file target-v1.cif (mmCIF, C-alpha atoms)
data_entry
loop_
_atom_site.label_atom_id
_atom_site.label_comp_id
_atom_site.auth_asym_id
_atom_site.auth_seq_id
_atom_site.Cartn_x
_atom_site.Cartn_y
_atom_site.Cartn_z
CA MET A 7 107.43 151.67 95.59
CA THR A 8 109.96 149.11 94.34
CA THR A 9 109.20 145.49 95.15
CA LYS A 10 112.17 143.64 96.58
CA PRO A 11 113.11 140.24 95.12
CA LYS A 12 112.06 137.26 97.21
CA PHE A 13 114.44 135.04 99.23
CA ALA A 14 113.85 131.60 100.76
CA MET A 15 115.87 129.10 102.75
CA TYR A 16 114.95 125.55 103.72
CA TRP A 17 116.41 122.93 106.06
CA ALA A 18 116.02 119.28 104.99
CA ALA A 19 118.13 116.35 106.31
CA SER A 20 120.90 118.26 108.04
CA CYS A 21 121.98 119.47 111.46
CA GLY A 22 121.07 123.16 111.27
CA GLY A 23 124.66 124.36 111.07
CA CYS A 24 124.04 125.98 107.70
CA GLU A 25 121.41 128.24 109.24
CA ILE A 26 123.82 129.22 111.98
CA ALA A 27 126.53 129.95 109.42
CA VAL A 28 124.18 132.39 107.67
CA LEU A 29 123.52 134.15 110.96
CA ASN A 30 127.29 134.19 111.58
CA THR A 31 127.65 136.65 108.73
CA HIS A 32 126.81 139.18 111.48
CA GLU A 33 125.80 142.58 110.05
CA LYS A 34 125.78 141.13 106.53
CA ILE A 35 122.49 139.41 107.38
CA LEU A 36 120.97 142.89 107.45
CA ASP A 37 121.86 143.24 103.77
CA VAL A 38 119.66 140.24 103.07
CA ASP A 39 116.74 141.92 104.81
CA ALA A 40 117.46 145.24 103.13
CA ASN A 41 117.63 143.81 99.62
CA PHE A 42 115.26 140.84 99.75
CA ASP A 43 111.77 140.03 100.93
CA VAL A 44 112.29 136.90 103.05
CA VAL A 45 109.18 134.86 102.24
CA PHE A 46 110.06 131.38 103.47
CA TRP A 47 112.61 130.41 106.11
CA PRO A 48 110.96 127.99 108.58
CA VAL A 49 113.81 128.03 111.10
CA ALA A 50 113.65 131.84 111.41
CA MET A 51 110.04 132.81 110.68
CA ASP A 52 106.51 131.48 110.77
CA ALA A 53 105.80 130.27 107.25
CA LYS A 54 103.51 127.52 106.01
CA TYR A 55 103.90 125.20 103.06
CA HIS A 56 100.56 126.34 101.66
CA ASP A 57 101.92 129.90 101.57
CA VAL A 58 104.65 128.73 99.21
CA GLU A 59 102.22 126.63 97.18
CA ALA A 60 100.12 129.76 96.60
CA MET A 61 103.06 131.74 95.16
CA GLU A 62 103.50 132.16 91.42
CA ASP A 63 105.99 129.85 89.78
CA GLY A 64 109.43 131.46 89.60
CA SER A 65 108.43 134.27 91.97
CA ILE A 66 111.24 133.54 94.46
CA LEU A 67 114.51 134.90 93.08
CA LEU A 68 116.89 132.95 95.34
CA THR A 69 116.47 129.82 97.46
CA LEU A 70 119.25 128.33 99.58
CA PHE A 71 118.35 124.68 100.13
CA ASN A 72 120.43 122.90 102.75
CA GLY A 73 120.18 119.25 103.72
CA GLY A 74 119.92 115.99 101.83
CA ILE A 75 116.68 114.33 100.74
CA ARG A 76 115.90 111.78 103.47
CA ASN A 77 112.10 111.49 103.33
CA ASP A 78 109.06 112.26 101.20
CA GLU A 79 108.53 115.64 102.86
CA ASN A 80 112.06 116.73 101.91
CA GLU A 81 111.41 115.63 98.33
CA HIS A 82 108.06 117.41 98.14
CA ILE A 83 109.50 120.71 99.37
CA ALA A 84 112.55 120.38 97.10
CA LYS A 85 110.26 120.04 94.08
CA LEU A 86 108.00 122.83 95.33
CA LEU A 87 110.87 125.28 95.87
CA ARG A 88 112.36 124.34 92.49
CA GLN A 89 109.04 125.24 90.90
CA LYS A 90 108.79 128.55 92.74
CA SER A 91 112.45 129.65 92.48
CA LYS A 92 114.43 131.23 89.69
CA ILE A 93 117.75 130.35 91.35
CA LEU A 94 118.04 127.22 93.48
CA VAL A 95 121.31 126.69 95.34
CA ALA A 96 122.37 123.39 96.91
CA PHE A 97 123.68 125.01 100.07
CA GLY A 98 126.09 123.07 102.26
CA SER A 99 127.62 119.61 102.02
CA CYS A 100 124.45 117.67 102.82
CA ALA A 101 122.64 119.18 99.83
CA CYS A 102 125.73 118.95 97.60
CA GLU A 103 127.14 115.51 98.40
CA GLY A 104 125.21 113.77 101.17
CA CYS A 105 127.59 114.52 104.06
CA ILE A 106 126.94 112.89 107.45
CA PRO A 107 123.34 111.83 106.64
CA GLY A 108 124.74 109.97 103.63
CA LEU A 109 126.43 107.48 105.95
CA ALA A 110 122.95 106.10 106.60
CA ASN A 111 123.08 104.65 103.08
CA LEU A 112 125.27 101.90 104.48
CA SER A 113 122.28 100.47 106.35
CA PRO A 114 118.72 99.45 105.43
CA VAL A 115 116.03 101.84 106.63
CA GLY A 116 114.59 99.22 108.99
CA ASP A 117 117.93 98.83 110.77
CA ILE A 118 118.25 102.60 111.15
CA VAL A 119 114.81 102.91 112.75
CA HIS A 120 115.45 99.92 115.00
CA THR A 121 118.73 101.42 116.21
CA ALA A 122 117.14 104.80 116.87
CA PHE A 123 114.25 103.40 118.91
CA ASN A 124 115.66 100.28 120.50
CA THR A 125 119.17 100.70 121.90
CA ILE A 126 120.72 100.90 125.36
CA THR A 127 119.89 104.61 125.47
CA THR A 128 116.22 104.10 124.59
CA ASP A 129 113.80 102.35 126.94
CA ASN A 130 111.43 100.67 124.50
CA PRO A 131 110.60 97.19 125.91
CA ASN A 132 107.49 96.83 123.76
CA GLU A 133 109.40 97.87 120.62
CA ILE A 134 106.96 100.61 119.65
CA TYR A 135 108.07 102.39 116.50
CA PRO A 136 106.78 105.47 114.64
CA ARG A 137 103.99 104.98 112.14
CA THR A 138 103.63 107.09 109.01
CA SER A 139 99.92 107.63 109.75
CA TYR A 140 97.74 107.40 112.83
CA ASP A 141 94.06 108.01 113.49
CA VAL A 142 93.18 110.44 116.28
CA PRO A 143 89.83 112.01 117.21
CA GLU A 144 90.77 115.15 115.26
CA GLY A 145 91.60 113.21 112.09
CA GLU A 146 94.52 111.34 110.58
CA LEU A 147 98.05 112.37 111.49
CA HIS A 148 100.92 111.89 109.06
CA ILE A 149 104.67 111.91 109.56
CA PRO A 150 107.23 111.79 106.72
CA THR A 151 108.19 108.40 105.30
CA LEU A 152 111.91 107.66 105.17
CA SER A 153 113.32 107.15 101.70
CA ARG A 154 115.38 104.09 100.80
CA VAL A 155 118.55 106.20 100.54
CA VAL A 156 119.67 109.75 101.28
CA ARG A 157 120.12 111.74 98.06
CA PRO A 158 121.82 115.05 97.35
CA LEU A 159 119.54 117.76 96.02
CA ASP A 160 120.53 117.48 92.35
CA GLN A 161 119.40 113.85 92.25
CA VAL A 162 115.85 115.06 92.92
CA VAL A 163 115.56 118.43 91.14
CA ASP A 164 117.53 120.61 88.77
CA VAL A 165 120.05 122.73 90.70
CA ASP A 166 121.49 126.03 89.50
CA TYR A 167 124.50 126.36 91.80
CA PHE A 168 126.37 124.33 94.39
CA MET A 169 127.80 125.91 97.54
CA PRO A 170 129.70 123.31 99.60
CA GLY A 171 130.83 123.42 103.23
CA CYS A 172 129.83 121.83 106.52
CA PRO A 173 128.73 124.48 106.98
CA PRO A 174 129.82 126.98 104.33
CA GLU A 175 132.26 129.46 105.85
CA SER A 176 130.54 132.70 106.81
CA HIS A 177 132.96 134.83 104.79
CA GLN A 178 132.11 132.76 101.72
CA ILE A 179 128.39 133.22 102.37
CA ALA A 180 128.92 136.98 102.72
CA ALA A 181 130.75 137.07 99.39
CA VAL A 182 127.92 135.22 97.65
CA ILE A 183 125.34 137.52 99.22
CA ASP A 184 127.30 140.52 97.93
CA LEU A 185 127.42 139.00 94.45
CA VAL A 186 123.69 138.30 94.31
CA ILE A 187 122.90 141.84 95.51
CA LYS A 188 125.13 143.25 92.77
CA VAL A 189 123.36 141.04 90.22
CA VAL A 190 119.98 142.33 91.43
CA LYS A 191 121.25 145.89 91.01
CA GLY A 192 122.61 145.16 87.55
CA GLU A 193 126.22 145.59 88.65
CA ALA A 194 127.38 142.00 88.08
CA GLU A 195 126.47 138.77 86.31
CA LEU A 196 125.86 135.33 87.71
CA PRO A 197 128.39 132.58 87.00
CA PRO A 198 127.44 129.83 84.51
CA LYS A 199 124.71 127.48 85.68
CA GLY A 200 126.07 124.45 87.50
CA SER A 201 129.02 126.34 88.96
CA VAL A 202 130.38 125.58 92.41
CA ILE A 203 130.35 128.89 94.28
CA GLY A 204 131.54 130.19 97.64
CA CYS A 205 134.73 128.15 97.65
CA GLY A 206 138.18 127.83 96.11
CA ASP A 207 139.30 125.92 93.03
CA SER A 208 142.22 124.07 94.62
CA THR A 209 142.64 121.81 97.67
CA VAL A 210 142.82 122.33 101.42
CA CYS A 211 146.49 121.32 101.23
CA ASP A 212 147.19 124.38 99.10
CA GLU A 213 145.72 126.58 101.83
CA CYS A 214 147.47 124.75 104.67
CA PRO A 215 150.69 126.31 106.03
CA ARG A 216 152.03 123.02 107.43
CA ALA A 217 155.30 121.77 105.96
CA ARG A 218 155.24 118.73 103.68
CA ASN A 219 158.54 116.89 103.40
CA VAL A 220 158.49 113.58 105.29
CA LYS A 221 157.18 110.35 103.74
CA PHE A 222 157.91 107.34 105.89
CA ILE A 223 154.60 106.35 107.44
CA LYS A 224 154.49 102.80 108.78
CA GLU A 225 150.97 103.05 110.20
CA PHE A 226 147.98 105.36 110.37
CA LYS A 227 146.55 106.42 113.72
CA ARG A 228 143.74 108.47 115.19
CA ILE A 229 144.99 111.91 116.12
CA GLN A 230 144.51 111.26 119.85
CA ASP A 231 146.95 108.34 119.58
CA VAL A 232 149.74 110.50 118.14
CA ALA A 233 151.77 112.15 120.87
CA PRO A 234 153.07 114.70 120.53
CA VAL A 235 151.57 116.07 117.31
CA ASP A 236 154.09 118.26 115.49
CA PRO A 237 152.39 121.68 115.11
CA THR A 238 154.31 122.52 111.92
CA LEU A 239 154.39 119.25 109.95
CA CYS A 240 151.71 117.94 107.59
CA LEU A 241 149.30 115.82 109.62
CA LEU A 242 149.11 113.15 106.93
CA GLU A 243 152.88 112.78 107.10
CA GLN A 244 152.50 112.14 110.82
CA GLY A 245 150.25 109.17 110.11
CA ILE A 246 147.03 111.05 110.78
CA PRO A 247 144.47 110.49 107.98
CA CYS A 248 143.89 114.02 106.70
CA ASN A 249 141.46 114.57 103.85
CA GLY A 250 143.09 117.79 102.64
CA PRO A 251 144.62 116.34 99.45
CA ALA A 252 141.21 115.54 97.94
CA THR A 253 139.06 118.27 99.53
CA ARG A 254 138.12 121.55 97.84
CA SER A 255 139.66 124.69 99.26
CA GLY A 256 137.70 127.62 100.64
CA CYS A 257 137.83 127.18 104.42
CA ASN A 258 141.36 128.59 104.89
CA ALA A 259 142.40 125.14 106.17
CA ARG A 260 140.80 125.92 109.52
CA CYS A 261 141.04 122.40 110.95
CA PRO A 262 144.71 121.69 110.10
CA GLN A 263 145.64 125.15 111.33
CA ALA A 264 143.88 124.36 114.61
CA GLY A 265 145.75 121.07 114.95
CA THR A 266 143.20 118.57 113.69
CA GLN A 267 142.83 116.79 110.38
CA CYS A 268 140.63 117.92 107.52
CA ILE A 269 137.49 115.79 107.39
CA GLY A 270 136.34 116.87 103.95
CA CYS A 271 133.73 119.56 104.68
CA TYR A 272 134.04 121.25 101.29
CA GLY A 273 133.62 118.05 99.32
CA PRO A 274 135.72 116.81 96.41
CA ALA A 275 138.22 119.20 94.87
CA GLU A 276 137.76 120.36 91.28
CA GLY A 277 138.07 117.42 88.89
CA VAL A 278 137.82 114.72 91.57
CA MET A 279 135.22 112.15 90.57
CA ASP A 280 135.97 109.47 93.16
CA TYR A 281 136.81 111.11 96.45
CA GLY A 282 137.77 107.87 98.16
CA ALA A 283 140.14 106.81 95.37
CA ARG A 284 141.85 110.20 95.42
CA LEU A 285 142.34 109.97 99.18
CA ILE A 286 143.72 106.45 99.07
CA THR A 287 146.16 107.63 96.40
CA ALA A 288 147.27 110.47 98.67
CA PHE A 289 147.55 108.17 101.67
CA SER A 290 149.60 105.71 99.63
CA SER A 291 152.05 108.44 98.67
CA VAL A 292 153.29 108.91 102.24
CA ILE A 293 153.74 105.31 103.34
CA ASP A 294 157.13 103.63 103.64
CA ALA A 295 156.81 100.17 102.10
CA ASN A 296 158.51 98.08 99.47
CA THR A 297 156.08 95.26 98.78
CA PRO A 298 152.37 95.17 97.83
CA GLU A 299 151.67 93.10 100.93
CA GLU A 300 153.22 95.70 103.23
CA ILE A 301 151.37 98.50 101.45
CA ASP A 302 148.07 96.67 101.89
CA HIS A 303 148.82 96.04 105.56
CA ILE A 304 149.44 99.73 106.23
CA LEU A 305 146.38 100.87 104.29
CA ASP A 306 144.22 98.26 106.03
CA GLY A 307 145.21 99.94 109.29
CA ILE A 308 143.41 103.20 108.47
CA PRO A 309 141.06 103.70 111.45
CA ASP A 310 137.38 103.92 110.55
CA PRO A 311 137.92 104.05 106.76
CA THR A 312 134.24 104.62 106.02
CA GLY A 313 134.02 107.60 108.33
CA GLN A 314 137.43 108.94 107.34
CA VAL A 315 137.19 108.57 103.61
CA TYR A 316 133.53 108.73 102.62
CA ARG A 317 132.00 110.85 105.37
CA PHE A 318 131.15 113.89 103.31
CA ASN A 319 130.71 112.30 99.91
CA LEU A 320 129.01 108.96 100.40
CA ALA A 321 125.65 109.92 98.95
CA GLY A 322 126.97 112.29 96.32
CA SER A 323 130.25 112.08 94.50
CA LEU A 324 130.43 108.29 94.60
CA LEU A 325 126.93 107.93 93.22
CA LYS A 326 127.63 110.51 90.55
CA ALA A 327 130.71 108.59 89.50
CA ASN A 328 128.57 105.43 89.26
CA ARG A 329 130.80 103.60 91.70
CA GLU A 330 129.04 100.64 93.33
CA VAL A 331 130.81 101.04 96.66
CA TRP A 332 128.09 99.53 98.81
CA LYS A 333 124.91 97.56 98.51
CA VAL A 334 121.71 98.94 99.97
CA LYS A 335 119.24 96.42 101.30
CA GLY A 336 115.59 96.80 102.18
#
call {"tool": "encode", "arguments": {"input": "target-v1.cif", "output": "structure tokens"}}
result
Amino acid sequence: MTTKPKFAMYWAASCGGCEIAVLNTHEKILDVDANFDVVFWPVAMDAKYHDVEAMEDGSILLTLFNGGIRNDENEHIAKLLRQKSKILVAFGSCACEGCIPGLANLSPVGDIVHTAFNTITTDNPNEIYPRTSYDVPEGELHIPTLSRVVRPLDQVVDVDYFMPGCPPESHQIAAVIDLVIKVVKGEAELPPKGSVIGCGDSTVCDECPRARNVKFIKEFKRIQDVAPVDPTLCLLEQGIPCNGPATRSGCNARCPQAGTQCIGCYGPAEGVMDYGARLITAFSSVIDANTPEEIDHILDGIPDPTGQVYRFNLAGSLLKANREVWKVKG
């Protein structure tokens, strides 16, 4: 009897969309079951941390780790799965760059907790907040302690491959699954360590069928404030902040093709170190202005620049480029 290689998947600080994307591979998910022994996947099976701790080091062939590192539990499991896995993949934008959870790095941890437990949607007159430990008759209970900042996976452990996407497109996941199965069977080789897999090597703009020929933007607007939106013209050239020029390809430009701007799901394109700087350069290229003051005025009008520009890369690419874009307090 041939023993199948082991597979694991873990969900840290993320929304769960990566798990759904894996299931959206439809029948391809059966290939995972047919070729791997799924030993740890908390969202899909009953598995305990102590089960993983009891495994031999390196006994798991492939682990897909999605989510950023937000608390000490995330960090512990990241280090544990690194120890037990031969191949560790940062799966999805949260694990690769920080993504939406990375926006929390703009605020001290205390402010985040206060907002979560004491706002107009939360009735908390006595301002009771979670405690990391609490004594009960059965013993001491513990809940994870929030870290000072959200970190992408490779700032905590060594990562073999990076697979971006929010979430990764299901056809890209299927292609990677096929590759790994071929590797297991000796029919293919893995790419060099550190490679970005399951994506393209260009930008979303190169995948987008919209025409690009007009450059006379006097102001930037939210897409709901542009009426009507031209279904054939580049959204950026209609004054809609589209992140396509700086974002890695691989999604088939799904959002622009559906009539909404790219928001950077696949992270920085190949060679882009500072995602925000690349976007501002692209935005500047379409504005109609003759003086520095007018240029600054138009760029200052970008709605929600933090959300638009740094949403998917705040905790990752900017930190990796050693850009001191914000100060973290607390």
call {"tool": "resolve_selection", "arguments": {"input": "target-v1.cif", "expression": "the PyMOL selection byres ((chain A and resi 164-169) around 7)", "output": "number ranges by chain"}}
result
A: 93-98, 102, 160, 163, 170-171, 199-204
call {"tool": "closest_residue", "arguments": {"input": "target-v1.cif", "among": "A:Cys100, A:Ile66, A:Ala275, A:Ile118", "to": "Gly22 in chain A", "atoms": "all atoms listed in the file"}}
result
A:Cys100
call {"tool": "resolve_selection", "arguments": {"input": "target-v1.cif", "expression": "the PyMOL selection byres ((chain A and resi 43-53) around 9)", "output": "PyMOL selection string"}}
result
chain A and resi 9-17+22+25+38-42+54-58+66+69
call {"tool": "write_last_selection", "arguments": {"input": "target-v1.cif", "atoms": "C-alpha atoms", "output": "PDB file, keeping the file's coordinate frame"}}
result
ATOM      1  CA  THR A   9     109.200 145.490  95.150  1.00  0.00           C
ATOM      2  CA  LYS A  10     112.170 143.640  96.580  1.00  0.00           C
ATOM      3  CA  PRO A  11     113.110 140.240  95.120  1.00  0.00           C
ATOM      4  CA  LYS A  12     112.060 137.260  97.210  1.00  0.00           C
ATOM      5  CA  PHE A  13     114.440 135.040  99.230  1.00  0.00           C
ATOM      6  CA  ALA A  14     113.850 131.600 100.760  1.00  0.00           C
ATOM      7  CA  MET A  15     115.870 129.100 102.750  1.00  0.00           C
ATOM      8  CA  TYR A  16     114.950 125.550 103.720  1.00  0.00           C
ATOM      9  CA  TRP A  17     116.410 122.930 106.060  1.00  0.00           C
ATOM     10  CA  GLY A  22     121.070 123.160 111.270  1.00  0.00           C
ATOM     11  CA  GLU A  25     121.410 128.240 109.240  1.00  0.00           C
ATOM     12  CA  VAL A  38     119.660 140.240 103.070  1.00  0.00           C
ATOM     13  CA  ASP A  39     116.740 141.920 104.810  1.00  0.00           C
ATOM     14  CA  ALA A  40     117.460 145.240 103.130  1.00  0.00           C
ATOM     15  CA  ASN A  41     117.630 143.810  99.620  1.00  0.00           C
ATOM     16  CA  PHE A  42     115.260 140.840  99.750  1.00  0.00           C
ATOM     17  CA  LYS A  54     103.510 127.520 106.010  1.00  0.00           C
ATOM     18  CA  TYR A  55     103.900 125.200 103.060  1.00  0.00           C
ATOM     19  CA  HIS A  56     100.560 126.340 101.660  1.00  0.00           C
ATOM     20  CA  ASP A  57     101.920 129.900 101.570  1.00  0.00           C
ATOM     21  CA  VAL A  58     104.650 128.730  99.210  1.00  0.00           C
ATOM     22  CA  ILE A  66     111.240 133.540  94.460  1.00  0.00           C
ATOM     23  CA  THR A  69     116.470 129.820  97.460  1.00  0.00           C
TER      24      THR A  69
END
call {"tool": "resolve_selection", "arguments": {"input": "target-v1.cif", "expression": "the PyMOL selection byres ((chain A and resi 172) around 10)", "output": "PyMOL selection string"}}
result
chain A and resi 20-21+23-24+27+97-100+105-106+170-171+173-175+257+269-273+318
call {"tool": "closest_residue", "arguments": {"input": "target-v1.cif", "among": "A:Arg157, A:His303, A:His177, A:Arg216", "to": "Pro237 in chain A", "atoms": "all atoms listed in the file"}}
result
A:Arg216
call {"tool": "residues_around", "arguments": {"input": "target-v1.cif", "residues": "Gly64 in chain A", "least_positions_apart": "3", "cutoff": "10 Å", "atoms": "all atoms listed in the file", "output": "PyMOL selection string"}}
result
chain A and resi 12+61+67-68+87-93
call {"tool": "residues_around", "arguments": {"input": "target-v1.cif", "residues": "Val210 in chain A", "least_positions_apart": "2", "cutoff": "8 Å", "atoms": "all atoms listed in the file", "output": "PyMOL selection string"}}
result
chain A and resi 208+212-214+250-259+268
call {"tool": "closest_residue", "arguments": {"input": "target-v1.cif", "among": "A:Leu29, A:His82, A:Gln267, A:Ser291", "to": "Phe222 in chain A", "atoms": "all atoms listed in the file"}}
result
A:Ser291
call {"tool": "atom_distance", "arguments": {"input": "target-v1.cif", "atom1": "CA of Leu109 in chain A", "atom2": "CA of Ile179 in chain A"}}
result
26.1 Å
call {"tool": "closest_residue", "arguments": {"input": "target-v1.cif", "among": "A:Val186, A:Cys205, A:Leu196, A:Ile308", "to": "Ile229 in chain A", "atoms": "all atoms listed in the file"}}
result
A:Ile308
call {"tool": "closest_residue", "arguments": {"input": "target-v1.cif", "among": "A:Leu305, A:Leu112, A:Leu36, A:Ile75", "to": "Val156 in chain A", "atoms": "all atoms listed in the file"}}
result
A:Ile75
call {"tool": "build_atoms", "arguments": {"input": "target-v1.cif", "residues": "range 34-50 of chain A", "atoms": "N, CA, C and O atoms", "output": "PDB file, in the frame of the given file"}}
result
ATOM      1  N   LYS A  34     126.097 141.411 107.938  1.00  0.00           N
ATOM      2  CA  LYS A  34     125.780 141.130 106.530  1.00  0.00           C
ATOM      3  C   LYS A  34     124.362 140.566 106.393  1.00  0.00           C
ATOM      4  O   LYS A  34     123.727 140.738 105.347  1.00  0.00           O
ATOM      5  N   ILE A  35     123.849 139.935 107.446  1.00  0.00           N
ATOM      6  CA  ILE A  35     122.490 139.410 107.380  1.00  0.00           C
ATOM      7  C   ILE A  35     121.485 140.537 107.194  1.00  0.00           C
ATOM      8  O   ILE A  35     120.406 140.344 106.635  1.00  0.00           O
ATOM      9  N   LEU A  36     121.848 141.735 107.645  1.00  0.00           N
ATOM     10  CA  LEU A  36     120.970 142.890 107.450  1.00  0.00           C
ATOM     11  C   LEU A  36     120.866 143.264 105.979  1.00  0.00           C
ATOM     12  O   LEU A  36     119.851 143.813 105.542  1.00  0.00           O
ATOM     13  N   ASP A  37     121.920 142.967 105.203  1.00  0.00           N
ATOM     14  CA  ASP A  37     121.860 143.240 103.770  1.00  0.00           C
ATOM     15  C   ASP A  37     120.836 142.343 103.089  1.00  0.00           C
ATOM     16  O   ASP A  37     120.205 142.741 102.102  1.00  0.00           O
ATOM     17  N   VAL A  38     120.678 141.132 103.615  1.00  0.00           N
ATOM     18  CA  VAL A  38     119.660 140.240 103.070  1.00  0.00           C
ATOM     19  C   VAL A  38     118.279 140.848 103.286  1.00  0.00           C
ATOM     20  O   VAL A  38     117.451 140.918 102.372  1.00  0.00           O
ATOM     21  N   ASP A  39     118.040 141.319 104.499  1.00  0.00           N
ATOM     22  CA  ASP A  39     116.740 141.920 104.810  1.00  0.00           C
ATOM     23  C   ASP A  39     116.518 143.209 104.036  1.00  0.00           C
ATOM     24  O   ASP A  39     115.400 143.510 103.623  1.00  0.00           O
ATOM     25  N   ALA A  40     117.592 143.961 103.825  1.00  0.00           N
ATOM     26  CA  ALA A  40     117.460 145.240 103.130  1.00  0.00           C
ATOM     27  C   ALA A  40     117.204 145.076 101.642  1.00  0.00           C
ATOM     28  O   ALA A  40     116.543 145.920 101.016  1.00  0.00           O
ATOM     29  N   ASN A  41     117.709 143.973 101.060  1.00  0.00           N
ATOM     30  CA  ASN A  41     117.630 143.810  99.620  1.00  0.00           C
ATOM     31  C   ASN A  41     116.654 142.733  99.160  1.00  0.00           C
ATOM     32  O   ASN A  41     116.384 142.610  97.970  1.00  0.00           O
ATOM     33  N   PHE A  42     116.166 141.925 100.107  1.00  0.00           N
ATOM     34  CA  PHE A  42     115.260 140.840  99.750  1.00  0.00           C
ATOM     35  C   PHE A  42     114.033 140.840 100.665  1.00  0.00           C
ATOM     36  O   PHE A  42     114.099 141.261 101.823  1.00  0.00           O
ATOM     37  N   ASP A  43     112.960 140.319 100.138  1.00  0.00           N
ATOM     38  CA  ASP A  43     111.770 140.030 100.930  1.00  0.00           C
ATOM     39  C   ASP A  43     111.847 138.550 101.314  1.00  0.00           C
ATOM     40  O   ASP A  43     111.695 137.672 100.462  1.00  0.00           O
ATOM     41  N   VAL A  44     112.147 138.278 102.582  1.00  0.00           N
ATOM     42  CA  VAL A  44     112.290 136.900 103.050  1.00  0.00           C
ATOM     43  C   VAL A  44     110.890 136.302 103.191  1.00  0.00           C
ATOM     44  O   VAL A  44     110.141 136.641 104.105  1.00  0.00           O
ATOM     45  N   VAL A  45     110.550 135.376 102.291  1.00  0.00           N
ATOM     46  CA  VAL A  45     109.180 134.860 102.240  1.00  0.00           C
ATOM     47  C   VAL A  45     109.039 133.457 102.825  1.00  0.00           C
ATOM     48  O   VAL A  45     107.927 133.017 103.128  1.00  0.00           O
ATOM     49  N   PHE A  46     110.158 132.756 102.963  1.00  0.00           N
ATOM     50  CA  PHE A  46     110.060 131.380 103.470  1.00  0.00           C
ATOM     51  C   PHE A  46     111.410 130.997 104.069  1.00  0.00           C
ATOM     52  O   PHE A  46     112.407 130.878 103.364  1.00  0.00           O
ATOM     53  N   TRP A  47     111.408 130.825 105.397  1.00  0.00           N
ATOM     54  CA  TRP A  47     112.610 130.410 106.110  1.00  0.00           C
ATOM     55  C   TRP A  47     112.126 129.819 107.435  1.00  0.00           C
ATOM     56  O   TRP A  47     112.109 130.473 108.470  1.00  0.00           O
ATOM     57  N   PRO A  48     111.657 128.558 107.419  1.00  0.00           N
ATOM     58  CA  PRO A  48     110.960 127.990 108.580  1.00  0.00           C
ATOM     59  C   PRO A  48     111.723 128.071 109.891  1.00  0.00           C
ATOM     60  O   PRO A  48     111.099 128.189 110.951  1.00  0.00           O
ATOM     61  N   VAL A  49     113.058 128.008 109.854  1.00  0.00           N
ATOM     62  CA  VAL A  49     113.810 128.030 111.100  1.00  0.00           C
ATOM     63  C   VAL A  49     113.841 129.433 111.709  1.00  0.00           C
ATOM     64  O   VAL A  49     114.119 129.585 112.899  1.00  0.00           O
ATOM     65  N   ALA A  50     113.523 130.458 110.923  1.00  0.00           N
ATOM     66  CA  ALA A  50     113.650 131.840 111.410  1.00  0.00           C
ATOM     67  C   ALA A  50     112.334 132.603 111.410  1.00  0.00           C
ATOM     68  O   ALA A  50     112.261 133.690 111.998  1.00  0.00           O
TER      69      ALA A  50
END
